[in-house]
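Enquirer: Enclosed is the structure file structure.txt (compact mmCIF, C-alpha atoms and all ligand atoms).
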# COMPACT_ATOMS: atom_id res chain seq x y z
CA MET A 206 0.00 0.00 0.00
CA LEU A 207 2.94 2.30 0.67
CA THR A 208 3.75 2.63 -3.02
CA ALA A 209 0.18 3.67 -3.78
CA TRP A 210 0.12 6.16 -0.93
CA LYS A 211 3.22 7.84 -2.24
CA LYS A 212 1.38 8.66 -5.48
CA GLU A 213 -1.50 10.37 -3.71
CA GLU A 214 -1.29 14.12 -3.73
CA GLU A 215 -2.07 14.83 -0.09
CA LEU A 216 0.43 12.19 1.00
CA ASP A 217 3.16 13.72 -1.12
CA PHE A 218 5.29 14.35 1.98
CA LEU A 219 6.03 10.63 2.11
CA ASN A 220 8.39 11.17 -0.82
CA GLU A 221 10.45 13.72 1.08
CA VAL A 222 12.07 11.08 3.26
CA SER A 223 13.89 7.85 2.61
CA CYS A 224 11.61 4.83 2.18
CA VAL A 225 13.43 2.90 4.92
CA PRO A 226 11.97 4.63 7.99
CA LEU A 227 8.52 4.35 6.41
CA GLN A 228 8.95 0.61 5.95
CA GLN A 229 10.35 0.28 9.45
CA GLY A 230 7.25 2.10 10.71
CA LEU A 231 5.06 -0.47 9.00
CA ARG A 232 7.15 -3.26 10.50
CA HIS A 233 6.67 -1.79 13.94
CA LEU A 234 2.92 -1.62 13.27
CA GLN A 235 2.98 -5.29 12.35
CA THR A 236 4.80 -6.13 15.60
CA ALA A 237 2.17 -4.14 17.50
CA PHE A 238 -0.64 -6.09 15.81
CA SER A 239 1.06 -9.45 16.32
CA ASN A 240 1.39 -8.63 20.01
CA PHE A 241 -2.26 -7.60 20.09
CA TRP A 242 -3.49 -10.78 18.41
CA ALA A 243 -1.35 -12.89 20.68
CA GLY A 244 -3.10 -11.24 23.61
CA ARG A 245 0.06 -9.63 24.95
CA THR A 246 -0.94 -6.00 24.48
CA LYS A 247 -3.88 -3.72 23.89
CA TYR A 248 -5.02 -2.60 20.46
CA PRO A 249 -2.33 -0.32 18.95
CA ASN A 250 -3.17 3.37 19.08
CA PHE A 251 -1.91 6.34 17.12
CA LYS A 252 1.04 8.27 18.40
CA LYS A 253 0.25 11.83 19.36
CA LYS A 254 2.00 14.41 17.26
CA HIS A 255 3.26 16.46 20.20
CA GLN A 256 4.87 13.41 21.73
CA GLY A 257 7.53 13.64 19.06
CA GLY A 258 8.16 10.44 17.20
CA SER A 259 10.97 8.35 15.87
CA ALA A 260 12.46 7.15 12.62
CA GLU A 261 14.52 4.02 12.32
CA PHE A 262 17.19 3.80 9.65
CA SER A 263 18.55 0.36 8.84
CA LYS A 264 21.93 -0.23 7.23
CA SER A 265 20.94 0.69 3.67
CA ALA A 266 19.59 4.09 4.72
CA PHE A 267 22.57 5.71 6.40
CA LYS A 268 26.30 5.99 6.03
CA TYR A 269 28.88 6.04 8.79
CA ARG A 270 32.05 7.72 7.57
CA ASN A 271 34.88 9.48 9.39
CA GLY A 272 32.94 9.34 12.64
CA GLN A 273 29.94 11.07 11.08
CA ILE A 274 26.42 9.79 10.42
CA TYR A 275 24.83 10.65 7.07
CA LEU A 276 21.13 9.81 6.77
CA ALA A 277 19.57 8.99 3.40
CA LYS A 278 18.28 12.05 1.53
CA CYS A 279 20.31 14.34 3.82
CA LYS A 280 23.36 16.04 2.35
CA GLU A 281 24.94 17.16 5.62
CA PRO A 282 26.08 14.79 8.36
CA LEU A 283 24.06 14.90 11.59
CA ASP A 284 25.30 17.44 14.09
CA ILE A 285 25.75 15.12 17.04
CA ARG A 286 27.01 15.74 20.55
CA TRP A 287 28.34 12.26 21.27
CA SER A 288 27.72 10.72 24.68
CA ARG A 289 30.36 8.10 23.92
CA LEU A 290 32.53 7.24 20.97
CA ILE A 291 31.93 4.30 18.67
CA PRO A 292 34.99 2.01 18.99
CA GLU A 293 37.28 1.81 16.02
CA GLY A 294 36.35 -0.71 13.34
CA CYS A 295 32.72 -0.89 14.44
CA SER A 296 29.99 -0.45 11.92
CA PRO A 297 26.57 0.60 13.20
CA SER A 298 23.64 -1.56 12.07
CA THR A 299 20.71 0.67 12.97
CA VAL A 300 20.32 4.37 13.61
CA THR A 301 17.20 5.66 15.35
CA VAL A 302 16.37 9.35 15.44
CA ARG A 303 13.90 10.33 18.10
CA LEU A 304 12.18 13.57 19.00
CA HIS A 305 11.40 13.90 22.67
CA PRO A 306 8.23 15.79 23.74
CA SER A 307 10.54 18.49 25.15
CA ARG A 308 11.73 19.06 21.56
CA ARG A 309 15.09 17.44 22.28
CA TRP A 310 16.46 15.26 19.50
CA HIS A 311 18.08 11.99 20.36
CA ILE A 312 19.91 9.56 18.19
CA SER A 313 20.65 6.00 19.19
CA ILE A 314 23.11 3.89 17.27
CA ARG A 315 23.18 0.14 17.42
CA PHE A 316 26.46 -1.73 16.98
CA ASP A 317 28.35 -4.78 18.21
CA ASP A 318 30.94 -3.59 20.69
CA PRO A 319 34.11 -5.72 20.69
CA THR A 320 35.40 -3.85 23.74
CA ILE A 321 32.78 -5.56 25.93
CA LYS A 322 34.53 -8.59 27.37
CA PRO A 323 33.78 -10.90 30.30
CA LEU A 324 35.08 -9.53 33.59
CA PRO A 325 37.57 -11.50 35.71
CA VAL A 326 35.76 -14.29 37.55
CA THR A 327 35.02 -13.77 41.25
CA ASP A 328 33.36 -16.17 43.68
CA LYS A 329 30.87 -13.68 45.10
CA ALA A 330 27.17 -14.46 44.76
CA ILE A 331 24.46 -12.09 45.80
CA GLY A 332 20.71 -12.10 46.31
CA ILE A 333 18.80 -8.89 45.71
CA ASP A 334 15.53 -7.79 47.23
CA LEU A 335 13.87 -4.87 45.46
CA GLY A 336 11.80 -2.57 47.61
CA ILE A 337 10.40 0.90 48.16
CA ASN A 338 12.10 2.09 51.36
CA SER A 339 15.38 0.63 50.22
CA LEU A 340 15.51 0.37 46.49
CA VAL A 341 17.97 -2.52 46.65
CA THR A 342 18.85 -4.72 49.63
CA THR A 343 21.60 -7.26 49.10
CA SER A 344 22.14 -10.54 50.94
CA ASP A 345 25.42 -9.22 52.37
CA GLY A 346 23.45 -6.57 54.23
CA ASN A 347 23.95 -3.52 52.01
CA LYS A 348 21.06 -1.19 51.37
CA VAL A 349 20.69 1.36 48.63
CA SER A 350 18.10 3.94 49.52
CA ASN A 351 15.39 4.83 47.05
CA PRO A 352 16.18 8.26 45.59
CA LYS A 353 12.47 8.86 44.81
CA HIS A 354 13.20 11.11 41.85
CA LEU A 355 9.55 11.83 41.20
CA LYS A 356 8.91 13.05 44.73
CA LYS A 357 11.83 15.45 44.54
CA HIS A 358 10.47 17.09 41.41
CA HIS A 359 6.84 16.78 42.43
CA GLN A 360 6.35 20.44 43.39
CA LYS A 361 7.98 21.76 40.25
CA LEU A 362 5.99 19.36 38.10
CA ARG A 363 2.72 20.27 39.78
CA ARG A 364 3.30 23.99 39.26
CA ALA A 365 4.18 23.43 35.61
CA HIS A 366 1.06 21.30 35.09
CA LYS A 367 -1.13 23.92 36.74
CA SER A 368 0.25 26.65 34.56
CA LEU A 369 -0.27 24.45 31.50
CA SER A 370 -3.93 23.86 32.33
CA ARG A 371 -4.55 27.60 32.55
CA LYS A 372 -3.27 28.28 29.02
CA GLU A 373 -5.68 28.56 26.14
CA LYS A 374 -5.80 25.52 23.85
CA GLY A 375 -3.81 25.93 20.65
CA SER A 376 -2.00 29.04 21.88
CA LYS A 377 1.70 29.65 21.74
CA ASN A 378 1.88 30.00 25.51
CA ARG A 379 0.29 26.61 25.91
CA GLU A 380 2.97 25.08 23.71
CA LYS A 381 5.64 26.79 25.83
CA ALA A 382 4.06 25.47 29.03
CA ARG A 383 3.77 22.01 27.51
CA ARG A 384 7.47 22.00 26.75
CA LYS A 385 8.26 23.04 30.27
CA VAL A 386 6.35 20.05 31.67
CA ALA A 387 8.09 17.77 29.19
CA ARG A 388 11.50 19.17 30.18
CA ILE A 389 10.89 18.38 33.85
CA HIS A 390 9.84 14.86 32.91
CA ALA A 391 12.99 14.50 30.82
CA GLN A 392 15.09 15.65 33.75
CA ILE A 393 13.49 13.06 36.04
CA THR A 394 14.06 10.32 33.47
CA ASP A 395 17.70 11.33 33.00
CA THR A 396 18.58 11.32 36.70
CA ARG A 397 16.76 8.05 37.21
CA LYS A 398 18.56 6.41 34.30
CA ASP A 399 21.95 7.65 35.43
CA HIS A 400 21.41 6.37 38.96
CA LEU A 401 20.16 2.96 37.84
CA HIS A 402 23.01 2.42 35.40
CA LYS A 403 25.64 3.19 38.03
CA LEU A 404 23.92 0.88 40.49
CA THR A 405 23.51 -2.11 38.16
CA THR A 406 27.03 -1.77 36.74
CA GLN A 407 28.49 -1.85 40.25
CA LEU A 408 26.44 -4.93 41.19
CA VAL A 409 27.52 -6.78 38.06
CA ARG A 410 31.17 -5.79 38.51
CA GLU A 411 31.37 -7.03 42.08
CA ASN A 412 29.43 -10.29 41.81
CA GLN A 413 29.69 -13.46 39.77
CA THR A 414 26.13 -14.60 40.41
CA ILE A 415 23.13 -12.32 40.87
CA VAL A 416 19.75 -13.62 41.97
CA VAL A 417 16.59 -11.53 41.84
CA GLU A 418 12.91 -12.20 42.24
CA ASP A 419 10.79 -12.27 39.13
CA LEU A 420 8.47 -9.40 39.94
CA ALA A 421 5.02 -9.17 38.59
CA VAL A 422 5.45 -5.44 38.32
CA LYS A 423 2.45 -5.20 36.05
CA ASN A 424 0.19 -6.65 38.71
CA MET A 425 1.70 -4.66 41.52
CA VAL A 426 1.24 -1.36 39.74
CA LYS A 427 -2.50 -2.04 39.82
CA ASN A 428 -2.33 -1.18 43.51
CA ARG A 429 -3.14 2.50 43.00
CA LYS A 430 -1.71 3.72 46.26
CA LEU A 431 1.68 2.30 45.43
CA ALA A 432 1.60 2.55 41.65
CA GLN A 433 3.43 5.87 41.37
CA VAL A 434 6.15 4.94 43.85
CA ILE A 435 6.69 1.54 42.26
CA ALA A 436 6.80 2.94 38.75
CA ASP A 437 9.29 5.56 39.95
CA ALA A 438 11.52 2.95 41.57
CA SER A 439 11.58 1.16 38.17
CA TRP A 440 12.28 -2.36 39.41
CA GLY A 441 11.59 -3.71 35.96
CA GLU A 442 14.35 -1.54 34.54
CA ILE A 443 16.79 -2.71 37.24
CA THR A 444 16.24 -6.39 36.43
CA ARG A 445 16.42 -5.66 32.69
CA GLN A 446 19.77 -3.91 33.07
CA LEU A 447 21.13 -6.60 35.40
CA ALA A 448 20.11 -9.31 32.92
CA TYR A 449 21.85 -7.80 29.90
CA LYS A 450 24.90 -6.59 31.78
CA CYS A 451 25.37 -10.10 33.22
CA ARG A 452 25.19 -11.44 29.67
CA TRP A 453 27.75 -8.87 28.51
CA TYR A 454 30.26 -9.43 31.29
CA GLY A 455 30.05 -13.21 31.69
CA ARG A 456 28.07 -13.22 34.92
CA THR A 457 25.24 -15.54 35.94
CA TYR A 458 21.82 -13.96 36.28
CA ILE A 459 19.09 -15.97 37.99
CA GLU A 460 15.45 -15.02 38.37
CA ILE A 461 13.43 -16.99 40.90
CA ASP A 462 9.70 -17.41 40.94
CA ARG A 463 7.84 -14.58 42.61
CA TRP A 464 5.73 -17.05 44.62
CA PHE A 465 8.75 -18.16 46.59
CA PRO A 466 8.06 -17.04 50.19
CA SER A 467 11.17 -14.85 50.45
CA SER A 468 9.95 -12.53 53.22
CA LYS A 469 8.11 -15.10 55.34
CA ARG A 470 10.93 -17.60 55.53
CA CYS A 471 13.66 -17.49 58.18
CA SER A 472 16.96 -17.52 56.32
CA ASN A 473 18.65 -19.15 59.28
CA CYS A 474 16.50 -22.21 59.97
CA GLY A 475 13.97 -22.31 57.13
CA HIS A 476 10.92 -21.81 59.32
CA ILE A 477 8.05 -20.15 57.45
CA VAL A 478 5.81 -17.80 59.40
CA SER A 479 2.17 -17.57 58.35
CA LYS A 480 1.95 -13.77 58.10
CA MET A 481 4.37 -10.95 57.34
CA PRO A 482 2.55 -7.61 56.97
CA LEU A 483 4.29 -4.92 54.90
CA ASN A 484 4.84 -2.62 57.89
CA VAL A 485 6.96 -5.16 59.80
CA ARG A 486 10.57 -4.08 59.21
CA GLU A 487 12.22 -6.36 61.76
CA TRP A 488 11.17 -9.66 63.25
CA GLU A 489 12.35 -12.53 65.38
CA CYS A 490 12.11 -16.14 64.25
CA PRO A 491 9.88 -18.15 66.64
CA GLU A 492 11.87 -21.31 65.84
CA CYS A 493 15.51 -20.33 66.22
CA GLY A 494 15.24 -16.87 67.75
CA THR A 495 17.30 -15.10 65.07
CA ARG A 496 16.53 -11.42 64.73
CA HIS A 497 15.96 -10.44 61.09
CA ASP A 498 15.91 -7.25 59.10
CA ARG A 499 12.98 -7.91 56.79
CA ASP A 500 14.71 -7.00 53.52
CA VAL A 501 18.11 -8.53 54.29
CA ASN A 502 16.40 -11.76 55.29
CA ALA A 503 14.41 -11.77 52.06
CA SER A 504 17.51 -11.21 49.94
CA LYS A 505 19.32 -14.05 51.76
CA ASN A 506 16.41 -16.36 50.92
CA ILE A 507 16.46 -15.18 47.32
CA LEU A 508 20.16 -15.98 47.08
CA ALA A 509 19.71 -19.46 48.59
CA ALA A 510 16.81 -20.26 46.26
CA GLY A 511 18.74 -18.96 43.26
CA LEU A 512 21.80 -21.05 44.07
CA ALA A 513 19.59 -24.11 44.44
CA VAL A 514 18.20 -23.44 40.98
CA SER A 515 21.63 -22.98 39.45
CA VAL A 516 23.13 -26.07 41.09
CA CYS A 517 20.45 -28.69 40.56
CA GLY A 518 18.30 -27.04 37.92
CA ALA A 519 15.29 -27.19 40.22
CA SER A 520 12.50 -24.79 39.53
CA VAL A 521 11.19 -22.72 42.39
CA ARG A 522 7.46 -23.12 42.04
CA PRO A 523 4.89 -23.22 44.82
CA GLU A 524 4.01 -26.91 44.40
CA GLN A 525 7.68 -27.83 44.56
CA SER A 526 8.75 -25.35 47.18
CA LYS A 527 9.29 -28.15 49.71
CA SER A 528 12.02 -29.82 47.72
CA VAL A 529 13.67 -26.52 46.87
CA LYS A 530 13.61 -25.52 50.51
CA ALA A 531 15.45 -28.71 51.30
CA THR A 532 18.15 -28.13 48.70
CA ALA A 533 18.46 -24.49 49.61
CA MET A 534 19.05 -25.47 53.23
CA LYS A 535 21.55 -28.14 52.34
CA LEU A 536 23.58 -25.52 50.52
CA GLN A 537 23.63 -23.28 53.55
CA THR A 538 24.84 -25.85 56.07
ZN ZN B 601 14.69 -19.33 62.27
In structure tokens, how does this file's structure come out?
Expert:
Amino acid sequence: MLTAWKKEEELDFLNEVSCVPLQQGLRHLQTAFSNFWAGRTKYPNFKKKHQGGSAEFSKSAFKYRNGQIYLAKCKEPLDIRWSRLIPEGCSPSTVTVRLHPSRRWHISIRFDDPTIKPLPVTDKAIGIDLGINSLVTTSDGNKVSNPKHLKKHHQKLRRAHKSLSRKEKGSKNREKARRKVARIHAQITDTRKDHLHKLTTQLVRENQTIVVEDLAVKNMVKNRKLAQVIADASWGEITRQLAYKCRWYGRTYIEIDRWFPSSKRCSNCGHIVSKMPLNVREWECPECGTRHDRDVNASKNILAAGLAVSVCGASVRPEQSKSVKATAMKLQT
């Protein structure tokens, strides 16, 4: 249909750009529909114009020469402020140009990086509990507090939103106010990203094996009271980064089933208490009398369960939790 559209007068603008991003757009649409038909996502909806947009250029539609990117149908190279340099001898395979709602242009370049090599092997293994008070609690007792980026910018964001709602629709001032809101959002995203990358890189550098819980973030966000805080903590992004960085640097990444009773189980003797309300931060095991910090205890259990999985290939599912508990305990003693 694309060829026919290009001949229509009111769609003449389609001829102004290279055909590659147009085809890529159609491919993305197909992915969206496949996901919809497979029941994974909702029906695809149109992108809003003011949200910017993106164009993906595959190998035939751009040139990479002398450290410059030339897009098809553009005479000049892109004026890029590089965040990092492409290593010598690398050839990019995809270039994506994106316009952020704050009118900031971004370009992402995909290439195979030969400088990424496995890190020297260590024998440290770690379990990680993701939370709200402490963003990350590790089984060796370290806690990383949750920076709560959204909360810090909340006032500024609220003022900007208020001012936006007072502006007349379609006016220039409204557009200015809209950009201001978008800029604050961009700032929050940037600080969050920076923080998460530093955190996950450090965890991967220091540990050979990393065990996390498979979080049903999607289900948890349905809890409206917590939704904003959970989304801001971006647990999903943490596990995503840990997974690919482990792959890059030759580390082992293990995800255990989220139904594993990590908070209710005593990491010392294996006793499982019947209840563990969210507000309990510290507790004492009725069996062995060990005093536990809730999150550290959970991360110790996560580590033990993960090691059991990696050693005997057991799966940590509720119906099999008995056998896993046994193996996990054997490993500890
Ligand atoms: Zn105990």
Enquirer: Name the residues in contact with Leu401 (chain A) at a cut-off of 12 Å, using only C-alpha atoms, excluding same-chain residues fewer than 6 positions from it; report them as JSON, numbers by chain.
Expert: {"A": [340, 341, 349, 350, 351, 352, 353, 354, 394, 395, 407, 408, 437, 438, 439, 440, 441, 442, 443, 444, 445, 446, 447]}
Enquirer: For chain A versus ligand ZN 601 (chain B), which residues have an atom no more than 8 Å away, and what is each residue's nearest atom pair and distance in Å rounded to one decimal, using only C-alpha atoms and all ligand atoms, chain-then-number order, as CSV?
Expert:
residue,atom,partner,partner_atom,distance
A:Arg470,CA,B:ZN601,ZN,7.9
A:Cys471,CA,B:ZN601,ZN,4.6
A:Ser472,CA,B:ZN601,ZN,6.6
A:Asn473,CA,B:ZN601,ZN,5.0
A:Cys474,CA,B:ZN601,ZN,4.1
A:Gly475,CA,B:ZN601,ZN,6.0
A:His476,CA,B:ZN601,ZN,5.4
A:Glu489,CA,B:ZN601,ZN,7.8
A:Cys490,CA,B:ZN601,ZN,4.6
A:Pro491,CA,B:ZN601,ZN,6.6
A:Glu492,CA,B:ZN601,ZN,5.0
A:Cys493,CA,B:ZN601,ZN,4.2
A:Gly494,CA,B:ZN601,ZN,6.0
A:Thr495,CA,B:ZN601,ZN,5.7
Enquirer: Taking all atoms listed in the file into account, produce a table as a Markdown table in which each residue of region 248-313 of chain A with an atom at most 12 Å from an atom of region 222-230 of chain A appears once, together with its shortest atom pair and the distance in Å to one decimal, ordered by chain and rising number.
Expert:
| residue | atom | partner | partner_atom | distance |
| --- | --- | --- | --- | --- |
| A:Phe251 | CA | A:Gly230 | CA | 12.0 |
| A:Lys252 | CA | A:Gly230 | CA | 11.7 |
| A:Gly258 | CA | A:Gly230 | CA | 10.6 |
| A:Ser259 | CA | A:Pro226 | CA | 8.8 |
| A:Ala260 | CA | A:Pro226 | CA | 5.3 |
| A:Glu261 | CA | A:Pro226 | CA | 5.1 |
| A:Phe262 | CA | A:Pro226 | CA | 5.5 |
| A:Ser263 | CA | A:Val225 | CA | 6.9 |
| A:Lys264 | CA | A:Val225 | CA | 9.3 |
| A:Ser265 | CA | A:Val225 | CA | 7.9 |
| A:Ala266 | CA | A:Val225 | CA | 6.3 |
| A:Phe267 | CA | A:Val225 | CA | 9.7 |
| A:Leu276 | CA | A:Ser223 | CA | 8.6 |
| A:Ala277 | CA | A:Ser223 | CA | 5.8 |
| A:Lys278 | CA | A:Ser223 | CA | 6.2 |
| A:Cys279 | CA | A:Val222 | CA | 8.9 |
| A:Thr299 | CA | A:Pro226 | CA | 10.8 |
| A:Val300 | CA | A:Pro226 | CA | 10.1 |
| A:Thr301 | CA | A:Pro226 | CA | 9.1 |
| A:Val302 | CA | A:Pro226 | CA | 9.9 |
| A:Arg303 | CA | A:Pro226 | CA | 11.8 |
Enquirer: Can you tell me, as a list in words, what residues are no more than 12 Å from Arg364 (chain A) when counting all atoms listed in the file, ignoring any on the same chain fewer than 6 positions away?
Expert: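 Here the answer would be His358, Ser370, Arg371, Ala382, Arg383, Lys385, Val386 and Ile389 of chain A.
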Enquirer: Would you compute the distance between CA of Lys322 (chain A) and CA of Pro297 (chain A)? Give it in Å to one decimal.
Expert: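 Separating CA of Lys322 (chain A) from CA of Pro297 (chain A) is a distance of 18.7 Å.
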Enquirer: Near Thr320 (chain A), counting all atoms listed in the file, which residues have an atom at most 12 Å away, once you skip same-chain residues fewer than 2 positions from it, shown as number ranges by chain?
Expert: A: 290-295, 316-318, 322-324, 453-454
